[in-house]
file model-v2.txt (compact mmCIF, C-alpha atoms and all ligand atoms)
# COMPACT_ATOMS: atom_id res chain seq x y z
CA MET S 1 157.36 206.24 152.02
CA PRO S 2 157.60 208.70 154.92
CA GLY S 3 154.43 209.36 156.87
CA VAL S 4 152.20 207.43 154.52
CA VAL S 5 149.96 204.51 155.27
CA ASP S 6 151.24 201.02 156.00
CA ARG S 7 151.95 198.96 152.93
CA ASP S 8 148.86 196.79 153.25
CA PRO S 9 148.41 195.77 149.60
CA ASN S 10 144.65 196.17 149.96
CA ARG S 11 144.82 199.69 151.31
CA VAL S 12 143.94 202.43 148.81
CA ILE S 13 145.65 205.77 149.50
CA VAL S 14 143.24 208.71 149.31
CA PHE S 15 144.97 211.74 147.79
CA ASP S 16 142.63 214.68 148.10
CA THR S 17 142.93 217.45 145.52
CA THR S 18 139.93 219.56 146.58
CA LEU S 19 142.31 222.40 147.47
CA ARG S 20 144.25 222.24 144.18
CA ASP S 21 142.43 220.78 141.15
CA GLY S 22 139.09 221.53 142.82
CA GLU S 23 139.98 225.02 143.90
CA GLN S 24 141.38 225.99 140.49
CA ALA S 25 138.01 225.44 138.78
CA PRO S 26 135.72 228.44 138.18
CA GLY S 27 133.47 229.18 141.16
CA PHE S 28 135.49 227.22 143.73
CA SER S 29 138.22 229.69 144.77
CA MET S 30 139.02 229.62 148.46
CA SER S 31 140.82 232.07 150.71
CA VAL S 32 143.71 230.80 152.82
CA GLU S 33 141.40 230.72 155.86
CA ALA S 34 138.86 228.64 153.93
CA LYS S 35 141.61 226.27 152.79
CA LEU S 36 142.72 225.85 156.40
CA LYS S 37 139.17 224.96 157.49
CA MET S 38 138.85 222.46 154.64
CA ALA S 39 142.26 220.95 155.41
CA GLU S 40 141.23 220.40 159.05
CA ALA S 41 138.01 218.71 157.89
CA LEU S 42 139.88 216.53 155.37
CA THR S 43 142.31 215.50 158.09
CA ALA S 44 139.42 214.52 160.39
CA LEU S 45 137.88 212.65 157.46
CA GLY S 46 141.05 210.55 157.28
CA VAL S 47 142.51 211.34 153.85
CA ASP S 48 146.16 210.29 153.46
CA VAL S 49 147.50 213.11 151.27
CA ILE S 50 146.29 216.70 150.90
CA GLU S 51 147.33 218.54 147.75
CA ALA S 52 147.17 222.03 149.21
CA GLY S 53 147.83 223.97 146.02
CA PHE S 54 150.34 224.77 143.29
CA ALA S 55 152.99 226.83 145.06
CA ALA S 56 154.58 228.30 141.92
CA ALA S 57 151.21 229.40 140.50
CA SER S 58 151.06 232.61 142.58
CA PRO S 59 152.38 234.07 145.83
CA GLY S 60 148.89 233.48 147.28
CA ASP S 61 149.01 229.79 146.38
CA ALA S 62 152.51 229.47 147.85
CA GLU S 63 151.27 231.06 151.07
CA ALA S 64 148.24 228.75 151.20
CA VAL S 65 150.44 225.66 150.80
CA ARG S 66 152.83 226.99 153.45
CA ARG S 67 150.09 227.70 155.99
CA VAL S 68 148.11 224.51 155.42
CA ALA S 69 151.25 222.38 155.68
CA GLY S 70 152.51 224.35 158.69
CA GLU S 71 149.27 224.60 160.69
CA VAL S 72 147.46 221.31 160.06
CA GLU S 73 148.85 218.02 161.31
CA GLY S 74 148.32 214.47 160.21
CA PRO S 75 148.32 213.75 156.49
CA ILE S 76 151.10 214.19 153.95
CA PHE S 77 151.02 217.66 152.40
CA CYS S 78 151.74 218.12 148.75
CA SER S 79 152.27 220.87 146.21
CA LEU S 80 151.85 220.56 142.48
CA SER S 81 154.89 221.58 140.41
CA ARG S 82 155.87 221.82 136.77
CA ALA S 83 158.89 219.79 135.70
CA ASN S 84 161.49 222.52 136.26
CA GLU S 85 163.93 223.45 139.01
CA SER S 86 162.34 226.79 139.80
CA ASP S 87 158.88 225.29 140.51
CA ILE S 88 160.42 222.44 142.49
CA ARG S 89 162.36 224.88 144.70
CA THR S 90 159.24 227.01 145.25
CA ALA S 91 157.26 223.91 146.28
CA TYR S 92 160.07 222.95 148.66
CA GLY S 93 160.05 226.44 150.18
CA SER S 94 156.31 226.15 150.92
CA LEU S 95 156.53 222.65 152.39
CA GLN S 96 159.77 223.02 154.35
CA SER S 97 158.07 223.24 157.75
CA THR S 98 156.53 219.77 157.58
CA PRO S 99 158.44 216.49 157.48
CA ASN S 100 155.39 214.89 155.83
CA ARG S 101 155.84 216.50 152.44
CA ARG S 102 155.46 215.39 148.88
CA ILE S 103 156.07 217.07 145.56
CA HIS S 104 153.77 216.29 142.65
CA ILE S 105 155.54 216.94 139.36
CA PHE S 106 153.53 216.90 136.16
CA LEU S 107 154.57 216.93 132.52
CA SER S 108 152.43 216.26 129.47
CA THR S 109 153.19 213.12 127.51
CA SER S 110 150.47 212.94 124.81
CA PRO S 111 151.25 213.85 121.17
CA ILE S 112 148.76 216.75 121.16
CA HIS S 113 150.22 218.26 124.36
CA ARG S 114 153.82 217.66 123.26
CA ALA S 115 153.19 219.53 120.00
CA ALA S 116 150.69 222.23 120.99
CA LYS S 117 151.69 223.00 124.56
CA LEU S 118 155.31 222.00 125.09
CA ASN S 119 156.82 222.10 121.62
CA MET S 120 158.94 219.12 122.68
CA SER S 121 159.75 215.80 121.07
CA ALA S 122 158.97 212.57 122.88
CA ASP S 123 162.67 212.17 123.74
CA GLU S 124 162.80 215.67 125.22
CA VAL S 125 159.72 214.93 127.34
CA LEU S 126 161.26 211.74 128.66
CA GLU S 127 164.55 213.45 129.42
CA THR S 128 162.82 216.41 131.15
CA ALA S 129 160.69 214.05 133.25
CA VAL S 130 163.74 212.12 134.47
CA ARG S 131 165.79 215.28 135.10
CA SER S 132 163.04 216.92 137.15
CA VAL S 133 162.35 213.82 139.24
CA SER S 134 166.08 213.34 139.90
CA PHE S 135 166.42 216.97 140.97
CA ALA S 136 163.28 216.76 143.16
CA ARG S 137 164.76 213.73 144.92
CA THR S 138 167.60 215.92 146.18
CA LEU S 139 165.01 217.89 148.21
CA PHE S 140 162.13 215.44 148.76
CA ASP S 141 162.01 211.80 149.87
CA ASP S 142 158.50 211.52 148.50
CA VAL S 143 158.11 212.37 144.79
CA GLU S 144 155.03 211.80 142.66
CA PHE S 145 155.14 212.08 138.90
CA SER S 146 152.09 212.66 136.68
CA ALA S 147 152.10 212.09 132.94
CA GLU S 148 149.56 214.76 132.02
CA ASP S 149 147.07 213.53 129.39
CA ALA S 150 148.40 210.01 129.94
CA ILE S 151 145.33 208.37 128.46
CA ARG S 152 145.89 209.96 125.02
CA THR S 153 149.60 209.06 125.09
CA GLU S 154 151.03 206.23 122.95
CA PRO S 155 150.89 203.24 125.38
CA GLU S 156 154.53 202.24 124.78
CA PHE S 157 155.79 205.77 125.34
CA LEU S 158 153.68 206.15 128.49
CA ALA S 159 155.21 202.95 129.86
CA ASP S 160 158.73 204.16 128.91
CA VAL S 161 158.22 207.43 130.80
CA MET S 162 156.77 205.71 133.84
CA GLU S 163 159.57 203.19 134.00
CA ALA S 164 162.20 205.92 133.63
CA VAL S 165 160.78 208.15 136.39
CA ALA S 166 160.42 205.12 138.70
CA GLU S 167 164.10 204.42 138.10
CA ALA S 168 164.85 208.10 138.86
CA GLY S 169 163.12 207.78 142.25
CA ALA S 170 159.42 208.67 141.86
CA ALA S 171 157.49 206.60 144.41
CA THR S 172 154.03 207.38 143.02
CA LEU S 173 153.21 207.19 139.32
CA ASN S 174 150.01 209.02 138.48
CA ILE S 175 148.22 208.18 135.23
CA PRO S 176 145.72 211.01 134.78
CA ASP S 177 142.76 210.99 132.47
CA THR S 178 143.25 214.74 132.17
CA VAL S 179 140.42 215.31 129.70
CA GLY S 180 137.94 212.70 130.97
CA TYR S 181 138.16 210.72 127.74
CA SER S 182 138.70 207.15 128.87
CA THR S 183 136.32 204.29 129.60
CA PRO S 184 136.53 201.69 132.36
CA GLU S 185 137.68 198.98 129.97
CA GLU S 186 140.37 201.12 128.34
CA ILE S 187 141.78 202.64 131.52
CA GLY S 188 141.92 199.19 133.09
CA ARG S 189 144.12 197.99 130.22
CA ILE S 190 146.40 201.03 130.56
CA PHE S 191 146.90 200.50 134.31
CA ALA S 192 147.58 196.79 133.82
CA ALA S 193 150.20 197.53 131.12
CA VAL S 194 152.02 200.21 133.12
CA GLY S 195 151.86 197.97 136.20
CA GLN S 196 153.60 195.19 134.30
CA ARG S 197 156.29 197.53 133.05
CA VAL S 198 157.15 198.81 136.56
CA ALA S 199 156.72 195.50 138.35
CA ARG S 200 160.42 195.45 139.23
CA TYR S 201 159.80 198.46 141.53
CA PRO S 202 157.60 196.78 144.14
CA ASP S 203 157.30 199.90 146.30
CA VAL S 204 155.98 202.09 143.51
CA ILE S 205 152.29 203.03 143.79
CA LEU S 206 150.13 203.53 140.71
CA SER S 207 147.65 206.37 141.04
CA ALA S 208 144.42 207.25 139.22
CA HIS S 209 143.32 210.85 138.57
CA CYS S 210 140.14 210.85 136.49
CA HIS S 211 138.17 213.80 135.19
CA ASN S 212 134.46 213.58 134.65
CA ASP S 213 133.89 215.05 131.17
CA LEU S 214 131.92 211.99 130.03
CA GLY S 215 130.55 211.23 133.49
CA MET S 216 132.86 208.25 133.99
CA ALA S 217 135.40 209.53 136.52
CA VAL S 218 134.25 207.26 139.35
CA ALA S 219 133.78 204.19 137.12
CA ASN S 220 137.22 204.77 135.57
CA THR S 221 138.85 205.19 138.98
CA LEU S 222 137.28 201.92 140.16
CA SER S 223 138.54 200.15 137.06
CA ALA S 224 142.03 201.53 137.70
CA ILE S 225 141.86 200.09 141.22
CA ALA S 226 140.73 196.72 139.89
CA ASN S 227 143.84 196.85 137.67
CA GLY S 228 146.39 197.72 140.31
CA ALA S 229 146.00 201.40 141.30
CA ARG S 230 146.51 201.89 145.03
CA GLN S 231 146.13 205.67 145.15
CA VAL S 232 143.08 207.65 144.01
CA GLU S 233 143.13 211.39 143.39
CA VAL S 234 139.75 212.74 144.32
CA ALA S 235 137.88 215.86 145.40
CA ILE S 236 134.97 216.43 147.75
CA ASN S 237 131.69 216.84 145.82
CA GLY S 238 133.70 215.96 142.69
CA ILE S 239 134.88 219.54 142.15
CA GLY S 240 137.72 220.14 139.70
CA GLU S 241 138.55 221.34 136.21
CA ARG S 242 135.53 221.50 133.82
CA ALA S 243 133.14 218.65 134.80
CA GLY S 244 135.29 217.94 137.84
CA ASN S 245 137.36 215.16 139.38
CA CYS S 246 136.37 211.79 140.71
CA ALA S 247 134.17 212.48 143.78
CA LEU S 248 135.86 211.31 146.98
CA GLU S 249 132.59 210.35 148.67
CA GLU S 250 131.45 208.27 145.69
CA VAL S 251 134.58 206.20 145.18
CA VAL S 252 135.06 205.64 148.92
CA MET S 253 131.48 204.44 149.38
CA ALA S 254 131.67 202.29 146.24
CA LEU S 255 134.73 200.53 147.68
CA LYS S 256 133.02 200.12 151.05
CA THR S 257 129.62 199.04 149.75
CA ARG S 258 131.05 196.68 147.10
CA GLY S 259 133.90 195.31 149.19
CA ASP S 260 132.76 191.94 147.85
CA LEU S 261 133.93 193.00 144.37
CA PHE S 262 136.98 195.14 145.10
CA GLY S 263 138.42 193.68 148.32
CA VAL S 264 140.23 196.92 149.19
CA HIS S 265 139.65 199.63 151.75
CA THR S 266 140.55 203.24 152.56
CA GLY S 267 141.24 205.00 155.86
CA VAL S 268 138.31 207.40 155.44
CA ASP S 269 135.83 207.85 158.31
CA THR S 270 132.75 207.72 156.11
CA THR S 271 130.48 209.12 158.84
CA LYS S 272 132.09 212.52 158.17
CA LEU S 273 131.30 212.61 154.43
CA VAL S 274 128.11 214.68 154.67
CA SER S 275 129.56 217.28 157.04
CA THR S 276 132.71 217.64 154.91
CA SER S 277 130.62 218.03 151.76
CA ARG S 278 128.47 220.68 153.44
CA LEU S 279 131.49 222.58 154.71
CA LEU S 280 132.88 222.79 151.16
CA SER S 281 129.48 223.93 149.85
CA ALA S 282 129.32 226.65 152.47
CA LEU S 283 132.91 227.84 151.94
CA THR S 284 132.49 228.03 148.16
CA ARG S 285 128.79 229.01 148.17
CA SER S 286 128.06 226.12 145.83
CA PRO S 287 125.10 224.00 146.83
CA VAL S 288 125.16 220.30 146.02
CA VAL S 289 122.33 219.12 143.75
CA ARG S 290 119.68 217.25 145.72
CA ASN S 291 120.13 213.98 143.81
CA LYS S 292 123.96 213.94 144.18
CA ALA S 293 125.15 210.42 145.06
CA ILE S 294 126.01 209.86 148.75
CA VAL S 295 125.70 213.46 150.02
CA GLY S 296 122.67 214.99 148.20
CA ILE S 297 119.57 215.50 150.35
CA ASN S 298 117.64 213.02 148.20
CA ALA S 299 120.28 210.29 148.56
CA PHE S 300 118.35 208.69 151.42
CA ALA S 301 114.90 210.27 150.92
CA HIS S 302 111.82 208.47 149.59
CA GLU S 303 108.45 209.82 148.53
CA ALA S 304 106.88 207.17 146.28
CA GLY S 305 104.29 205.06 148.11
CA ILE S 306 105.66 201.72 146.92
CA HIS S 307 109.17 202.66 148.04
CA GLN S 308 107.96 203.99 151.38
CA HIS S 309 106.03 200.78 151.99
CA GLY S 310 109.16 198.75 151.27
CA MET S 311 111.33 201.00 153.44
CA LEU S 312 108.93 200.69 156.37
CA ALA S 313 109.11 196.91 156.10
CA ASP S 314 112.91 196.70 155.67
CA ALA S 315 115.26 199.56 154.73
CA ARG S 316 117.35 197.18 152.63
CA THR S 317 114.55 197.09 150.03
CA TYR S 318 115.61 200.47 148.64
CA GLU S 319 118.82 201.47 150.43
CA ILE S 320 122.21 199.87 149.76
CA MET S 321 123.99 201.93 152.42
CA ARG S 322 122.92 203.06 155.87
CA PRO S 323 122.39 206.86 155.93
CA GLN S 324 124.24 206.97 159.27
CA ASP S 325 127.32 205.47 157.60
CA VAL S 326 127.80 208.62 155.51
CA GLY S 327 126.72 211.07 158.21
CA PHE S 328 122.96 211.56 157.71
CA ASP S 329 120.74 211.19 160.80
CA GLY S 330 118.60 208.63 159.03
CA THR S 331 116.30 207.91 156.16
CA LYS S 332 113.81 210.62 155.22
CA LEU S 333 110.35 209.55 154.17
CA VAL S 334 109.00 212.63 152.43
CA LEU S 335 105.23 212.91 152.48
CA GLY S 336 103.81 214.12 149.19
CA LYS S 337 101.29 213.19 146.51
CA HIS S 338 103.20 209.96 145.72
CA SER S 339 103.07 208.69 149.31
CA GLY S 340 100.87 205.81 150.38
CA ARG S 341 98.62 205.00 153.31
CA HIS S 342 101.31 203.10 155.24
CA ALA S 343 103.65 206.06 155.35
CA ILE S 344 100.87 208.47 156.45
CA ALA S 345 99.76 206.09 159.20
CA GLN S 346 103.32 205.62 160.40
CA ARG S 347 104.13 209.34 160.49
CA ALA S 348 100.79 210.14 162.18
CA GLU S 349 101.52 207.56 164.85
CA ALA S 350 105.05 208.90 165.36
CA LEU S 351 103.51 212.35 165.86
CA GLY S 352 101.16 210.93 168.48
CA TYR S 353 98.02 210.40 166.35
CA PRO S 354 97.41 206.68 165.84
CA LEU S 355 94.97 206.29 162.93
CA SER S 356 93.26 203.26 161.46
CA GLY S 357 90.16 202.17 159.52
CA ASN S 358 87.80 204.90 158.35
CA GLU S 359 89.66 207.56 160.26
CA LEU S 360 92.85 206.81 158.36
CA GLY S 361 90.90 206.70 155.07
CA HIS S 362 89.44 210.11 155.75
CA VAL S 363 92.80 211.69 156.64
CA PHE S 364 94.44 210.00 153.66
CA ALA S 365 91.89 211.47 151.22
CA SER S 366 92.38 215.01 152.53
CA PHE S 367 96.16 214.46 152.57
CA LYS S 368 96.15 213.62 148.83
CA ARG S 369 94.06 216.69 147.98
CA ARG S 370 96.38 218.96 149.96
CA ALA S 371 99.55 217.34 148.52
CA ASP S 372 98.26 218.02 145.01
CA GLU S 373 97.99 221.68 145.98
CA ILE S 374 101.24 222.27 147.88
CA GLY S 375 103.61 219.34 147.18
CA GLU S 376 105.46 218.25 150.31
CA ILE S 377 103.42 217.88 153.49
CA ASP S 378 105.46 218.63 156.60
CA ASP S 379 104.60 217.48 160.12
CA ALA S 380 102.73 220.64 161.08
CA GLU S 381 100.59 220.43 157.93
CA LEU S 382 99.87 216.74 158.58
CA ILE S 383 98.72 217.46 162.12
CA SER S 384 96.36 220.18 160.95
CA LEU S 385 94.98 217.83 158.29
CA ILE S 386 94.41 215.12 160.90
CA VAL S 387 92.68 217.53 163.25
CA ALA S 388 90.51 219.07 160.51
CA ALA S 389 89.66 215.80 158.75
CA THR S 390 88.53 214.11 161.92
CA ALA S 391 86.89 217.07 163.66
CA GLU S 392 83.39 216.20 162.50
CA ARG S 393 83.92 212.67 163.82
CA GLY S 394 84.38 213.96 167.34
CA GLY S 395 88.07 214.76 166.89
CA VAL S 396 91.15 212.68 167.41
CA HIS S 397 93.17 212.82 170.50
CA ALA S 398 96.92 212.80 170.52
CA ALA S 399 98.22 209.60 172.13
O1 LIG S 401 144.26 216.43 135.24
C1 LIG S 401 145.50 216.40 135.32
O2 LIG S 401 146.21 215.87 134.47
C2 LIG S 401 146.09 217.09 136.46
C3 LIG S 401 147.55 216.87 136.63
C4 LIG S 401 148.23 218.11 137.04
C5 LIG S 401 147.77 215.72 137.56
O3 LIG S 401 145.43 217.69 137.24
ZN ZN S 402 143.30 217.13 137.05
call {"tool": "encode", "arguments": {"input": "model-v2.txt", "output": "structure tokens", "more": "lines below"}}
Ligand code: KIV
Ligand code: ZN
result
Amino acid sequence: MPGVVDRDPNRVIVFDTTLRDGEQAPGFSMSVEAKLKMAEALTALGVDVIEAGFAAASPGDAEAVRRVAGEVEGPIFCSLSRANESDIRTAYGSLQSTPNRRIHIFLSTSPIHRAAKLNMSADEVLETAVRSVSFARTLFDDVEFSAEDAIRTEPEFLADVMEAVAEAGAATLNIPDTVGYSTPEEIGRIFAAVGQRVARYPDVILSAHCHNDLGMAVANTLSAIANGARQVEVAINGIGERAGNCALEEVVMALKTRGDLFGVHTGVDTTKLVSTSRLLSALTRSPVVRNKAIVGINAFAHEAGIHQHGMLADARTYEIMRPQDVGFDGTKLVLGKHSGRHAIAQRAEALGYPLSGNELGHVFASFKRRADEIGEIDDAELISLIVAATAERGGVHAA
């Protein structure tokens, strides 16, 4: 496959769709300039494929794909396309300037989509899929095919379509959970079955594209990997249609942290996850919730006394990843009404006020009263508490 990663069987290809599936969701529109900034950040992050847009959707989208593919260097650039010649030619026009190009053709396969959306029989869907992939291969070396709503498709028919498009020259077979309906157990079975059916095409890559409607996008993506997927379609901060796509940062860190279970890796530089997440938030004016896995500001913050005590003894008591590995400076021990004596003493000492015995007890009591009133106690507040609480004892002196 041109320009793509080596064929290490344990390497998972990261296909980022922040600029397509993510960007098409309400509230996440990006200008061409914003898309260019994001594409640079995604390239630095080390994603393998960037889906820059859907060229046939609008002249603006075509222009965005053209500029991202023409001005950013490194990954493979991709445009989404319906399964017709006109869309395929438009995608080609937008990607012409880069040799590292891919077309991503999608066509619905499920009974509900065939009847309600396409008004096509199963045979017509299969024939259209093969015809579009064959035509795309006259313009592109690298063709991906997606069976939209694959999870709600009859398993035999899904396998028939996948086998037929592999035969027609699609190198990547994407099995999307378009409506976020699957479960880890079910999607695992589907990937294993399709994998068996296309086993005679050893170069074909199975790809997972999971939506998060039931909150299972990451779990389903991991199950797909455990059952043979070697490409994941993901978006930064999990943005995407409705409840979003599988979050890039979550699946990448799950694979890294639980390498013992999965035994696969990606090419992502995980130390850039927080900065990339924040760039997207800034460009789309969409803050990340504080308890968001991996990149939320609470992901490595602790306030409860028992947790802070454990963290001060050994960070592994309550952290399964190092904050630096995802791009945070370090752990944050937040001082508030739940904090304990150990954390207060440690922060006071770090600020240059070593406290012990009665002096610490005195400061701790006034700290608790103040925390009940105002919540979080920052360093300046702690210093004024130390100074006030110990003044009548002759004052403390900064070390
Ligand atoms: O969710 C989906 O099915 C898609 C396809 C276009 C891949 O986004
Ligand atoms: Zn999608």
call {"tool": "residues_around", "arguments": {"input": "model-v2.txt", "residues": "segment 225-237 of chain S", "least_positions_apart": "6", "cutoff": "7 Å", "atoms": "only C-alpha atoms", "output": "ChimeraX atom specification"}}
result
/S:11-18,22,188,191-192,195,205-209,245-249,262,277
call {"tool": "closest_residue", "arguments": {"input": "model-v2.txt", "among": "S:Gly46, S:Gly27, S:Pro176, S:Pro59", "to": "ligand LIG 401 (chain S)", "atoms": "only C-alpha atoms and all ligand atoms"}}
result
S:Pro176
call {"tool": "atom_distance", "arguments": {"input": "model-v2.txt", "atom1": "atom CA of Asp21 of chain S", "atom2": "atom CA of Val295 of chain S"}}
result
20.3 Å
call {"tool": "residues_around", "arguments": {"input": "model-v2.txt", "residues": "Ala147 of chain S", "least_positions_apart": "2", "cutoff": "7 Å", "atoms": "all atoms listed in the file", "output": "PyMOL selection string"}}
result
chain S and resi 106-109+145+149-150+174-176
call {"tool": "atom_distance", "arguments": {"input": "model-v2.txt", "atom1": "atom O3 of ligand LIG 401 (chain S)", "atom2": "atom CA of Ala254 of chain S"}}
result
22.5 Å
call {"tool": "residues_near_point", "arguments": {"input": "model-v2.txt", "point": "(164.6, 210.1, 140.3)", "cutoff": "7 Å", "atoms": "only C-alpha atoms", "output": "VMD selection string"}}
result
chain S and resid 130 133 to 134 137 165 to 170
call {"tool": "write_last_selection", "arguments": {"input": "model-v2.txt", "atoms": "C-alpha atoms", "output": "PDB file, in the coordinates of the input"}}
result
ATOM      1  CA  VAL S 130     163.740 212.120 134.470  1.00  0.00           C
ATOM      2  CA  VAL S 133     162.350 213.820 139.240  1.00  0.00           C
ATOM      3  CA  SER S 134     166.080 213.340 139.900  1.00  0.00           C
ATOM      4  CA  ARG S 137     164.760 213.730 144.920  1.00  0.00           C
ATOM      5  CA  VAL S 165     160.780 208.150 136.390  1.00  0.00           C
ATOM      6  CA  ALA S 166     160.420 205.120 138.700  1.00  0.00           C
ATOM      7  CA  GLU S 167     164.100 204.420 138.100  1.00  0.00           C
ATOM      8  CA  ALA S 168     164.850 208.100 138.860  1.00  0.00           C
ATOM      9  CA  GLY S 169     163.120 207.780 142.250  1.00  0.00           C
ATOM     10  CA  ALA S 170     159.420 208.670 141.860  1.00  0.00           C
TER      11      ALA S 170
END
call {"tool": "atom_distance", "arguments": {"input": "model-v2.txt", "atom1": "atom CA of Asn212 of chain S", "atom2": "atom CA of Ala243 of chain S"}}
result
5.2 Å
call {"tool": "closest_residue", "arguments": {"input": "model-v2.txt", "among": "S:Ser110, S:Ser339, S:Ser223, S:Ser31", "to": "ligand LIG 401 (chain S)", "atoms": "only C-alpha atoms and all ligand atoms"}}
result
S:Ser110
call {"tool": "axis_aligned_box", "arguments": {"input": "model-v2.txt", "around": "segment 362-369 of chain S", "padding_each_side": "5 Å", "output": "lines of an AutoDock Vina configuration file"}}
result
center_x = 92.8
center_y = 213.3
center_z = 152.3
size_x = 16.7
size_y = 16.7
size_z = 18.7
call {"tool": "closest_residue", "arguments": {"input": "model-v2.txt", "among": "S:Gly336, S:Gly240, S:Gly352, S:Gly330", "to": "ligand ZN 402 (chain S)", "atoms": "all atoms listed in the file"}}
result
S:Gly240
call {"tool": "residues_around", "arguments": {"input": "model-v2.txt", "residues": "Gly180 of chain S", "least_positions_apart": "5", "cutoff": "7 Å", "atoms": "all atoms listed in the file", "output": "PDB file with C-alpha atoms, in the coordinates of the input"}}
result
ATOM      1  CA  CYS S 210     140.140 210.850 136.490  1.00  0.00           C
ATOM      2  CA  HIS S 211     138.170 213.800 135.190  1.00  0.00           C
ATOM      3  CA  ASN S 212     134.460 213.580 134.650  1.00  0.00           C
ATOM      4  CA  ASP S 213     133.890 215.050 131.170  1.00  0.00           C
ATOM      5  CA  LEU S 214     131.920 211.990 130.030  1.00  0.00           C
ATOM      6  CA  ALA S 217     135.400 209.530 136.520  1.00  0.00           C
TER       7      ALA S 217
END
